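**Student:** Take this structure first; my questions come after.
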Amino acid sequence: MSDAALVRRVLEGDPRGFTLLVDRHLQPCLRFATRMLGNRQDAEDVTQEALVRAHRAIATFDLEGNFRTWLFAILVNRCRTSLLQRSRYVRRVLTDDNAILDATADDPAGATEIRIEIERAMAQLDPDQREAFLLKHVEQLGYDEMAAVTGAGVSALKMRVKRACERLQELLGEVNDVAP
Amino acid sequence: MSHRDVGNNRRPVESETIDRVITALREPVRVRPAWRAALLAGIGDQSNGSSASTVARWSFRPVTALAAAIACMMVGATLAAFLFGRPQRDQSASDVLTNLTATMPMPGEHGTASVVRFVVVAPHASRVSLVGDFNRWNPAAMPMRRSADGRSWLLDVPLTAGRHVYSFSVDGDLTADPAAPQSGDDDFGVPSSVVLVGGKA
Amino acid sequence: MRIARLTFTLLLGSACVRSMHAQRPGMVPGAFPPADGRTQLSTAARQAITRLGDSLRAVRLPDAPLYSKAAEGVLKGADETRILAAVRTLARELGEARASLGANADEAELTAGASALHVGATAAMLAQLRDTQRSADGDNRSLAVPLVALVDLLARRVPAPMATAAIDSLVAQRAPAEDFAAFRAAVKDDILAGRTPEAAVRARTLGLPHNSEGRVRAP
């Protein structure tokens, strides 16, 4: 069933319609928010706020439009507000010697470390660049969709993505020079 | 070597790094069932509070239909007590009287959530909320609403299958559910209650 | 060229991270909601808990229970030492639960397993349940329901070996969820009626009628 059909169900008073929409879009929303804010708790709060707002405003959704784009516009806005209000982007990845963990990690050697370095690098991007990079390459929106979501022009968005890639390359590419 | 659109330029060899970044960031972030349940509960409550909007409302099965369903579910207190009346404690001694929880199985999208109705009789309270491990013990997350007769406070919460520890915050004071078993693993000297929501073994 | 090996080390205030003031001093936004003026966690405590959470996530253990435990302590007005001790204990128990239940244990199994350890089960008991389940079911079913039932029995002061044996027998019989529920409810009723926890469990496991499939069913 399409997103538009589910929205119609919601508008007709079927409570399951929104649950189905949530389950379809929850994971990508949470992923974007987590990568954007760098903090799982903030991401959950923001994703929840966005979905509550979407639910309140569901009657304003244009049934001819793209629900994901519409929802992501709300989510991106919430993320921006969160970054402004909380005035912080912290990504601490630490192990605590007191964190008594003998549990075996079935992680392939080095995979966790790579993720940590990537997350650190993402933390150093300007928010606009991070946002554009995530929308383009992680959530795989087209540039026209990104323009609708962010309110920025396509050219500006392309430049942000390019700069994000260059900066990530600077931050992470130098690690490639370390001999294994 | 892949060539993807990065600012309209062909990507150099260093794009392997970017490819790795993208692969890592595309990994799904797991949705915590408890958070999802709380999110849906919040949206559901929003629906119930809205009388004029066209937004969907939660629908609940009538209480009389609970009896058969209850038998299949693990509950924190008995439905029979609710239906046939339960001797109440001296109201003059405490505002928090008998309360109980009952589960109403609601086939969720994934068949894993059941709606649990939490009820507490507290006619003199001005604000009551439900706190527990499903809402990170946040008294602001799940305010309960007064019953029609004003004597009780109610809240229906979809909970995932499993064991959930909870309490009621009655005008700021934490109170365990006297009709429900205590959690038995309290770490802080203030007992809480347990509700078990059945699932598939 | 792969991204080179990196040492997974303690980095507090890493220069790689851009950090600004937290909006709510003493609070981790979202993790520790306002507690109506009750105990607030210090920055150091908050950081310690966040580090523990990060460590759990790094080895794919659920971190949410830690934050829930901390929030519970804050709401209940516990002092920081006690909250940190409870959080650290829970972190350890989650690790032990996975060591006993296996790398494929899901979050429900891990949290129930950690609860069982907290109220008196041993790692060996959890491992026994997992072995029984594998023999009976080939690891196809979740142990979450049996573990939740075990926690309930232990919380009612049923001795751990007896509680484990009772649950183990139901697992071996591939009992459905309702059977665990019925067993637990029957034990609860017997205890409320005045039986000791041991007597209640003994009565419910001995001489139980078997149905035509040979499965043990609680009356």
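By convention here, the chains of the structure tokens are called A, B, ... in the order presented, each chain's residues are numbered starting at 1, and ligands are numbered starting at 1 in the order presented.
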Contacts between chain B and chain C, please, where a residue of chain C counts if it comes within 8 Å (with only C-alpha atoms); show its shortest atom pair and distance in Å to one decimal, rows by chain and ascending number, as CSV.
**Tutor:**
residue,atom,partner,partner_atom,distance
C:Ile3,CA,B:Thr17,CA,7.9
C:Ala31,CA,B:Arg136,CA,7.8
C:Phe32,CA,B:Arg136,CA,7.7
C:Pro33,CA,B:Asn138,CA,5.8
C:Pro34,CA,B:Asn138,CA,7.3
C:Ala35,CA,B:Asn138,CA,7.1
C:Asp36,CA,B:Gly172,CA,7.5
C:Pro65,CA,B:Asp133,CA,7.7
C:Tyr67,CA,B:Arg136,CA,7.2
C:Ser68,CA,B:Arg136,CA,4.7
C:Lys69,CA,B:Asp133,CA,7.7
C:Ala71,CA,B:Trp137,CA,5.8
C:Glu72,CA,B:Trp137,CA,5.5
C:Gly73,CA,B:Phe188,CA,6.3
C:Leu75,CA,B:Trp137,CA,6.9
C:Lys76,CA,B:Val190,CA,6.6
C:Ala78,CA,B:Phe188,CA,6.0
C:Arg82,CA,B:Phe188,CA,7.3
C:Ile83,CA,B:Phe188,CA,7.8
C:Ala86,CA,B:Asp187,CA,6.4
C:Ala108,CA,B:Gly162,CA,7.0
C:Ala112,CA,B:Arg163,CA,7.4
C:Ser115,CA,B:Asp185,CA,7.6
C:His118,CA,B:Asp185,CA,6.7
C:Val119,CA,B:Asp185,CA,5.9
C:Arg141,CA,B:Ala201,CA,6.2
C:Ser142,CA,B:Ala201,CA,5.9
C:Leu143,CA,B:Ala201,CA,6.6
C:Ala144,CA,B:Ala201,CA,7.0
C:Val145,CA,B:Ala201,CA,5.4
C:Pro146,CA,B:Ala201,CA,7.2
C:Val148,CA,B:Arg163,CA,6.1
C:Ala155,CA,B:Gly184,CA,4.8
C:Arg156,CA,B:Gly184,CA,7.4
C:Ala175,CA,B:Ala201,CA,7.7
C:Pro176,CA,B:Ala201,CA,5.6
C:Ala177,CA,B:Ala201,CA,4.9
C:Glu178,CA,B:Cys72,CA,5.7
C:Ala181,CA,B:Met74,CA,5.4
C:Ala182,CA,B:Met74,CA,8.0
C:Ala185,CA,B:Met74,CA,7.6
**Student:** Using only C-alpha atoms, which chain A residues lie at most 6 Å away from chain B, written as a list in words?
**Tutor:**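 The contacting residues on chain A are Val10, Leu11, Gly13, Asp14, Pro15, Arg31, Val138, Lys158 and Lys162 of chain A.
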**Student:** Just how far from CA of Val128 (chain B) is CA of Arg145 (chain B), in Å to one decimal?
**Tutor:**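 Going from CA of Arg145 (chain B) over to CA of Val128 (chain B), I get 7.7 Å.
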**Student:** May I ask which of the residues A:Ala132, A:Ala43, A:Ala54, A:Leu63 is the closest one to chain C, counting only C-alpha atoms?
**Tutor:**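 Result for the nearest residue to chain C: A:Ala43.
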**Student:** Residues near Lys136 (chain A), anyone? I mean within 12 Å using only C-alpha atoms, not counting same-chain ones fewer than 2 positions away, as a PyMOL selection string.
**Tutor:** (chain A and resi 32+129-134+138-147+149-150+154+157-162+164-165) or (chain B and resi 4-7+22+25-26)
**Student:** Since we have the selection now, will you write its residues out, keeping N, CA and C atoms, as an mmCIF file, in the first residue's frame?
**Tutor:**
data_model
loop_
_atom_site.group_PDB
_atom_site.id
_atom_site.type_symbol
_atom_site.label_atom_id
_atom_site.label_comp_id
_atom_site.auth_asym_id
_atom_site.auth_seq_id
_atom_site.Cartn_x
_atom_site.Cartn_y
_atom_site.Cartn_z
ATOM 1 N N PHE A 32 18.913 8.944 10.097
ATOM 2 C CA PHE A 32 19.337 10.294 9.715
ATOM 3 C C PHE A 32 19.589 11.141 10.971
ATOM 4 N N GLN A 129 26.800 20.932 5.698
ATOM 5 C CA GLN A 129 27.478 19.940 4.852
ATOM 6 C C GLN A 129 27.111 18.532 5.303
ATOM 7 N N ARG A 130 27.099 18.352 6.589
ATOM 8 C CA ARG A 130 26.735 17.027 7.124
ATOM 9 C C ARG A 130 25.327 16.659 6.677
ATOM 10 N N GLU A 131 24.432 17.625 6.823
ATOM 11 C CA GLU A 131 23.036 17.399 6.456
ATOM 12 C C GLU A 131 22.922 17.028 4.977
ATOM 13 N N ALA A 132 23.587 17.804 4.125
ATOM 14 C CA ALA A 132 23.501 17.543 2.687
ATOM 15 C C ALA A 132 24.110 16.184 2.342
ATOM 16 N N PHE A 133 25.256 15.872 2.963
ATOM 17 C CA PHE A 133 25.919 14.596 2.691
ATOM 18 C C PHE A 133 25.027 13.423 3.074
ATOM 19 N N LEU A 134 24.403 13.533 4.242
ATOM 20 C CA LEU A 134 23.550 12.439 4.703
ATOM 21 C C LEU A 134 22.324 12.274 3.806
ATOM 22 N N VAL A 138 23.396 8.974 2.101
ATOM 23 C CA VAL A 138 22.915 7.942 3.023
ATOM 24 C C VAL A 138 21.425 7.696 2.796
ATOM 25 N N GLU A 139 20.663 8.782 2.778
ATOM 26 C CA GLU A 139 19.223 8.594 2.561
ATOM 27 C C GLU A 139 18.872 8.597 1.071
ATOM 28 N N GLN A 140 19.859 8.941 0.237
ATOM 29 C CA GLN A 140 19.727 8.805 -1.222
ATOM 30 C C GLN A 140 18.560 9.584 -1.800
ATOM 31 N N LEU A 141 18.418 10.797 -1.331
ATOM 32 C CA LEU A 141 17.439 11.686 -1.949
ATOM 33 C C LEU A 141 18.062 12.293 -3.203
ATOM 34 N N GLY A 142 17.218 12.639 -4.181
ATOM 35 C CA GLY A 142 17.705 13.397 -5.324
ATOM 36 C C GLY A 142 17.865 14.849 -4.925
ATOM 37 N N TYR A 143 18.590 15.594 -5.750
ATOM 38 C CA TYR A 143 18.840 16.997 -5.401
ATOM 39 C C TYR A 143 17.560 17.827 -5.361
ATOM 40 N N ASP A 144 16.596 17.491 -6.208
ATOM 41 C CA ASP A 144 15.332 18.234 -6.166
ATOM 42 C C ASP A 144 14.589 17.960 -4.868
ATOM 43 N N GLU A 145 14.626 16.691 -4.462
ATOM 44 C CA GLU A 145 14.003 16.349 -3.169
ATOM 45 C C GLU A 145 14.713 17.068 -2.034
ATOM 46 N N MET A 146 16.052 17.078 -2.110
ATOM 47 C CA MET A 146 16.815 17.727 -1.053
ATOM 48 C C MET A 146 16.476 19.204 -0.981
ATOM 49 N N ALA A 147 16.254 19.813 -2.145
ATOM 50 C CA ALA A 147 15.891 21.232 -2.154
ATOM 51 C C ALA A 147 14.563 21.438 -1.449
ATOM 52 N N VAL A 149 13.329 19.526 0.838
ATOM 53 C CA VAL A 149 13.486 19.207 2.258
ATOM 54 C C VAL A 149 14.192 20.330 3.010
ATOM 55 N N THR A 150 15.237 20.873 2.396
ATOM 56 C CA THR A 150 16.094 21.817 3.123
ATOM 57 C C THR A 150 15.769 23.267 2.853
ATOM 58 N N VAL A 154 19.546 23.887 -5.498
ATOM 59 C CA VAL A 154 20.263 22.678 -5.924
ATOM 60 C C VAL A 154 21.764 22.936 -6.017
ATOM 61 N N LEU A 157 23.312 22.987 -2.679
ATOM 62 C CA LEU A 157 23.353 21.636 -2.101
ATOM 63 C C LEU A 157 24.486 20.818 -2.712
ATOM 64 N N LYS A 158 24.670 20.941 -3.995
ATOM 65 C CA LYS A 158 25.761 20.195 -4.642
ATOM 66 C C LYS A 158 27.101 20.634 -4.079
ATOM 67 N N MET A 159 27.231 21.934 -3.864
ATOM 68 C CA MET A 159 28.488 22.438 -3.304
ATOM 69 C C MET A 159 28.695 21.900 -1.895
ATOM 70 N N ARG A 160 27.636 21.843 -1.096
ATOM 71 C CA ARG A 160 27.771 21.338 0.274
ATOM 72 C C ARG A 160 28.196 19.879 0.265
ATOM 73 N N VAL A 161 27.595 19.105 -0.611
ATOM 74 C CA VAL A 161 27.961 17.681 -0.688
ATOM 75 C C VAL A 161 29.421 17.542 -1.097
ATOM 76 N N LYS A 162 29.814 18.328 -2.073
ATOM 77 C CA LYS A 162 31.203 18.268 -2.552
ATOM 78 C C LYS A 162 32.164 18.626 -1.433
ATOM 79 N N ALA A 164 31.648 18.478 1.728
ATOM 80 C CA ALA A 164 31.610 17.430 2.756
ATOM 81 C C ALA A 164 32.514 16.274 2.367
ATOM 82 N N CYS A 165 32.423 15.853 1.128
ATOM 83 C CA CYS A 165 33.270 14.750 0.669
ATOM 84 C C CYS A 165 34.742 15.122 0.773
ATOM 85 N N ARG B 4 30.515 8.169 -9.268
ATOM 86 C CA ARG B 4 29.210 8.655 -8.840
ATOM 87 C C ARG B 4 29.217 10.170 -8.868
ATOM 88 N N ASP B 5 28.071 10.696 -8.850
ATOM 89 C CA ASP B 5 27.974 12.138 -8.971
ATOM 90 C C ASP B 5 28.346 12.804 -7.654
ATOM 91 N N VAL B 6 29.468 13.452 -7.629
ATOM 92 C CA VAL B 6 29.823 14.244 -6.452
ATOM 93 C C VAL B 6 30.094 15.643 -6.956
ATOM 94 N N GLY B 7 29.095 16.467 -6.871
ATOM 95 C CA GLY B 7 29.258 17.839 -7.358
ATOM 96 C C GLY B 7 29.554 17.873 -8.841
ATOM 97 N N ILE B 22 30.089 6.003 3.358
ATOM 98 C CA ILE B 22 28.678 5.841 3.011
ATOM 99 C C ILE B 22 28.166 4.483 3.459
ATOM 100 N N LEU B 25 27.689 4.559 7.196
ATOM 101 C CA LEU B 25 26.585 5.403 7.659
ATOM 102 C C LEU B 25 25.229 4.864 7.219
ATOM 103 N N ARG B 26 25.224 4.049 6.186
ATOM 104 C CA ARG B 26 23.952 3.475 5.730
ATOM 105 C C ARG B 26 23.494 2.329 6.601
#
**Student:** Go through A:Asp126, A:Thr60, A:Cys29, A:Ser82 one by one, measure the shortest atom-to-atom distance of each to Arg8 (chain A) using only C-alpha atoms, and give the residue with the smallest value.
**Tutor:**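 Closest to Arg8 (chain A), using only C-alpha atoms: A:Thr60.
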**Student:** Could you give me, as a PyMOL selection string, the residues within 10 Å of Thr89 (chain C), counting only C-alpha atoms and dropping anything in the same chain fewer than 2 positions from it?
**Tutor:** (chain A and resi 99-100) or (chain C and resi 66+83-87+91-95+114+118)
**Student:** Using N, CA and C atoms, can you write the selected residues to a file as a PDB file, in the first residue's frame?
**Tutor:**
ATOM      1  N   ALA A  99      34.213  -0.184  32.733  1.00  0.00           N
ATOM      2  CA  ALA A  99      33.049  -0.729  32.031  1.00  0.00           C
ATOM      3  C   ALA A  99      33.195  -2.212  31.877  1.00  0.00           C
ATOM      4  N   ILE A 100      33.228  -2.901  32.809  1.00  0.00           N
ATOM      5  CA  ILE A 100      33.387  -4.324  32.959  1.00  0.00           C
ATOM      6  C   ILE A 100      32.722  -5.141  31.882  1.00  0.00           C
TER       7      ILE A 100
ATOM      8  N   LEU C  66      20.762   0.945  30.568  1.00  0.00           N
ATOM      9  CA  LEU C  66      21.592   1.711  31.493  1.00  0.00           C
ATOM     10  C   LEU C  66      20.967   3.073  31.775  1.00  0.00           C
ATOM     11  N   ILE C  83      23.511   5.107  42.228  1.00  0.00           N
ATOM     12  CA  ILE C  83      23.085   5.046  40.834  1.00  0.00           C
ATOM     13  C   ILE C  83      24.206   4.477  39.970  1.00  0.00           C
ATOM     14  N   LEU C  84      25.410   4.973  40.164  1.00  0.00           N
ATOM     15  CA  LEU C  84      26.532   4.484  39.357  1.00  0.00           C
ATOM     16  C   LEU C  84      26.781   3.006  39.617  1.00  0.00           C
ATOM     17  N   ALA C  85      26.665   2.601  40.863  1.00  0.00           N
ATOM     18  CA  ALA C  85      26.862   1.180  41.173  1.00  0.00           C
ATOM     19  C   ALA C  85      25.819   0.325  40.464  1.00  0.00           C
ATOM     20  N   ALA C  86      24.578   0.788  40.493  1.00  0.00           N
ATOM     21  CA  ALA C  86      23.508   0.019  39.839  1.00  0.00           C
ATOM     22  C   ALA C  86      23.737  -0.052  38.331  1.00  0.00           C
ATOM     23  N   VAL C  87      24.160   1.065  37.753  1.00  0.00           N
ATOM     24  CA  VAL C  87      24.383   1.089  36.306  1.00  0.00           C
ATOM     25  C   VAL C  87      25.547   0.177  35.931  1.00  0.00           C
ATOM     26  N   ALA C  91      25.477  -3.137  33.544  1.00  0.00           N
ATOM     27  CA  ALA C  91      26.359  -3.297  32.383  1.00  0.00           C
ATOM     28  C   ALA C  91      27.066  -4.647  32.440  1.00  0.00           C
ATOM     29  N   ARG C  92      27.552  -4.975  33.627  1.00  0.00           N
ATOM     30  CA  ARG C  92      28.233  -6.264  33.774  1.00  0.00           C
ATOM     31  C   ARG C  92      27.275  -7.408  33.530  1.00  0.00           C
ATOM     32  N   GLU C  93      26.070  -7.286  34.060  1.00  0.00           N
ATOM     33  CA  GLU C  93      25.088  -8.366  33.909  1.00  0.00           C
ATOM     34  C   GLU C  93      24.667  -8.548  32.458  1.00  0.00           C
ATOM     35  N   LEU C  94      24.585  -7.462  31.722  1.00  0.00           N
ATOM     36  CA  LEU C  94      24.258  -7.592  30.300  1.00  0.00           C
ATOM     37  C   LEU C  94      25.373  -8.349  29.578  1.00  0.00           C
ATOM     38  N   GLY C  95      26.613  -8.045  29.920  1.00  0.00           N
ATOM     39  CA  GLY C  95      27.719  -8.773  29.311  1.00  0.00           C
ATOM     40  C   GLY C  95      27.703 -10.240  29.686  1.00  0.00           C
ATOM     41  N   ALA C 114      19.777 -10.454  32.072  1.00  0.00           N
ATOM     42  CA  ALA C 114      20.433  -9.596  33.062  1.00  0.00           C
ATOM     43  C   ALA C 114      19.577  -9.484  34.321  1.00  0.00           C
ATOM     44  N   HIS C 118      20.403 -10.670  38.115  1.00  0.00           N
ATOM     45  CA  HIS C 118      20.323  -9.697  39.202  1.00  0.00           C
ATOM     46  C   HIS C 118      19.552 -10.233  40.399  1.00  0.00           C
TER      47      HIS C 118
END
**Student:** Which residue out of B:Met142, B:Val195, B:Ala41, B:Val157 has the minimum interatomic distance to Leu130 (chain B) when only C-alpha atoms are used?
**Tutor:**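 The closest residue to Leu130 (chain B) is B:Met142.
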**Student:** When you count only C-alpha atoms, which of these residues is closest to chain A: C:Glu96, C:Asp79, C:Asp152, C:Asp190?
**Tutor:**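 Ranked by minimum distance to chain A, first place goes to C:Glu96.
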**Student:** Separation of CA of Val7 (chain A) and CA of Ala73 (chain A), in Å?
**Tutor:**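 For CA of Val7 (chain A) relative to CA of Ala73 (chain A), the distance reads 16.8 Å.
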